[in-house]
Every structure is written in structure tokens, then in C-alpha cells.
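Please read the structure below before turning to the comments.
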Amino acid sequence: MSSYRVRSVHFFLALLVVLLDRWTKRLVAARIAMYTHIQIIPGFFRITHTENTGAAFSLFADSPSHWKTALLIGFSVIAMVIVSVLLWRRSGALSLTGIALSLILGGAVGNLWDRVASGRVVDFLLVYYKQYQWPVFNLADSAIVIGAGLLVIEILFHKAPIDETPAM
């Protein structure tokens with residue numbers, strides 16, 4: 001597969017994540033009142049409309065800092081540039097690393113879009129069990145976490161080619 005084609009697949013996957021993220025956030029914001037929920041799997045999963053002024057999974061949401069949004073936007077832009085450069089430099093066959101970076105890029109763009117537009121991110125996925133619950137998240141957060149998980153898998157289980165050159 002040519003480098004151009006591999007890049008096209010990577011950036012198309014990132015675009016697909018952005019579009020799905022935007023669509024789900026708009027759907028939730030339009031159809032579910034703030035802080036109300038729809039039960040999907042009783043005792044485990046519901047859709048809950050919230051807005052997050054912090055980072056992924058509500059990290060730093062309670063921080064009173066006036067610079068918080070600007071710092072989160074700046075960090076997102078830097079991460080997007082780095083991931084985009086890494087994706088652009090990839091050549092050859094489609095790989096797990098490229099897919100992982102594409103998911104991370106799409107998720108970062110999805111959340112950055114909200115943060116730039118309104119200073120907050122729409123979150124709506126809630127996984128819980130009895131009194132224990134994961135912080136409410138969205139599709140972009142999921143893409144970032146899945147991408148990061150794929151990178152960890154690639155790092156842990158990738159078999160590097162054996163260097164055939166004799167040691168001197």
C-alpha cells in the first residue's frame with residue numbers, strides 16, 4: 001500500500017471519529033435535558049447528559065483556575081500536532097500503531113472542538129455498578145483510551161526484528 005493511501009486511511013479514520021463524536025454529542029444535547037439520564041443496561045450503563053469543563057473523565061473539572069481552558073486547549077493542540085506528524089511520517093503498510101494514533105487524533109479533535117466552541121465538553125456515557133461509577137465520558141474519550149491501549153499492546157507485544165549484524 002502506498003504512503004499516500006496509508007495516510008488517507010489514517011486521516012479518514014480520525015475524521016470518522018470526529019464525525020461520530022460530534023453527531024452523538026449533538027444528539028444527546030438536543031434530546032436529553034442536562035443531568036437527566038436514559039437507562040440502557042440496568043445496574044450497569046446509562047446515557048447521562050453532563051458537561052465537563054476539565055480534561056478527560058472530568059480531571060481538573062473543579063479547578064477554579066482561569067487559565068484551565070486555555071491550558072487544556074493548548075495541550076490538545078500540541079498533542080494533535082505531534083500525533084499528526086507521527087501519522088504523516090508513517091509509511092508502508094497499515095499498522096496497529098497507525099490505527100491507534102488515528103483514534104487518538106480523532107478523539108483529541110472531537111473534544112477540542114467542544115472546548116473551543118463553548119469552554120466545556122459534552123459527556124454522556126456512564127458505566128457503573130451499585131455505588132461505584134466511572135466518570136461520565138464521551139466517544140472522543142473512548143477513542144483516545146482505545147488508541148492509547150492499542151499503543152501499549154503494540155509496545156508490549158511487538159517483536160522487533162533481530163539485528164543480524166555481528167557484534168564487534
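A note on labels: chains of the C-alpha cells are A, B, ... as shown, every chain counts residues from 1, and ligands are counted from 1 in their shown order.
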### Message
Can you pull out every residue from region 14-158 of chain A that DSSP, working from the backbone, puts in strand (DSSP E), and format the result as a ChimeraX atom specification?
### Response
/A:37-41,45-52,121-129,132-133
### Message
as a ChimeraX atom specification, please: the residues near Ala143 (chain A) (cut-off 9 Å, only C-alpha atoms, same-chain neighbours under 6 positions excluded).
### Response
/A:17,100,102-108
Residues of the last selection are to be written out with N, CA, C and O atoms, as a compact mmCIF listing (two decimals), in the first residue's frame.
# COMPACT_ATOMS: atom_id res chain seq x y z
N VAL A 17 -13.98 9.35 13.50
CA VAL A 17 -14.13 9.50 14.95
C VAL A 17 -14.70 10.89 15.27
O VAL A 17 -15.62 11.01 16.09
N ALA A 100 -4.02 3.27 16.08
CA ALA A 100 -4.05 3.84 17.43
C ALA A 100 -3.89 5.36 17.39
O ALA A 100 -4.64 6.10 18.04
N SER A 102 -4.51 7.31 14.90
CA SER A 102 -5.70 7.88 14.25
C SER A 102 -6.84 8.05 15.25
O SER A 102 -7.54 9.08 15.25
N LEU A 103 -7.05 7.06 16.11
CA LEU A 103 -8.10 7.15 17.13
C LEU A 103 -7.80 8.28 18.11
O LEU A 103 -8.69 9.04 18.48
N ILE A 104 -6.55 8.39 18.52
CA ILE A 104 -6.15 9.45 19.45
C ILE A 104 -6.36 10.82 18.80
O ILE A 104 -6.91 11.74 19.43
N LEU A 105 -5.96 10.96 17.55
CA LEU A 105 -6.14 12.24 16.85
C LEU A 105 -7.61 12.59 16.72
O LEU A 105 -8.01 13.73 17.03
N GLY A 106 -8.44 11.66 16.30
CA GLY A 106 -9.88 11.92 16.17
C GLY A 106 -10.51 12.31 17.49
O GLY A 106 -11.31 13.25 17.56
N GLY A 107 -10.15 11.61 18.56
CA GLY A 107 -10.69 11.94 19.87
C GLY A 107 -10.25 13.31 20.35
O GLY A 107 -11.04 14.08 20.90
N ALA A 108 -8.99 13.64 20.12
CA ALA A 108 -8.47 14.95 20.53
C ALA A 108 -9.18 16.07 19.78
O ALA A 108 -9.56 17.08 20.38
### Message
Please list as a list in words every residue within 10 Å of Val122 (chain A), counting only C-alpha atoms and excluding residues in the same chain fewer than 6 positions away.
### Response
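Neighbouring residues, sequence-local ones excluded: Asp21, Arg22, Thr24, Lys25, Arg26, Val28, Ala29, Met34, Thr48, His49, Thr50, Glu51, Asn52, Thr53, Asn111, Asp114, Arg115, Val136, Phe137, Asn138 and Leu139 of chain A.
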### Task
Excluding Val85 (chain A) and residues on its chain fewer than 6 positions from it, collect all residues at most 12 Å away from it, counting only C-alpha atoms, and give them as a ChimeraX atom specification.
/A:7,10-11,78-79,91,98,101-102,105
Print the selection's residues with C-alpha atoms to a file, as a PDB file, in the first residue's frame.
ATOM      1  CA  ARG A   7      -2.098   8.339   5.219  1.00  0.00           C
ATOM      2  CA  HIS A  10      -5.345   7.045   8.904  1.00  0.00           C
ATOM      3  CA  PHE A  11      -6.772  10.533   8.462  1.00  0.00           C
ATOM      4  CA  ILE A  78       0.249  20.325  20.862  1.00  0.00           C
ATOM      5  CA  ALA A  79      -0.868  16.686  21.152  1.00  0.00           C
ATOM      6  CA  SER A  91       4.797   4.810   5.563  1.00  0.00           C
ATOM      7  CA  GLY A  98      -1.228   3.986  12.826  1.00  0.00           C
ATOM      8  CA  LEU A 101      -2.684   7.271  16.518  1.00  0.00           C
ATOM      9  CA  SER A 102      -5.701   7.883  14.255  1.00  0.00           C
ATOM     10  CA  LEU A 105      -6.136  12.238  16.851  1.00  0.00           C
TER      11      LEU A 105
END
### Val9 (chain A) environment, 9 Å, only C-alpha atoms, sequence neighbours closer than 3 positions dropped, as a ChimeraX atom specification
/A:4-6,12-14,94,99,102
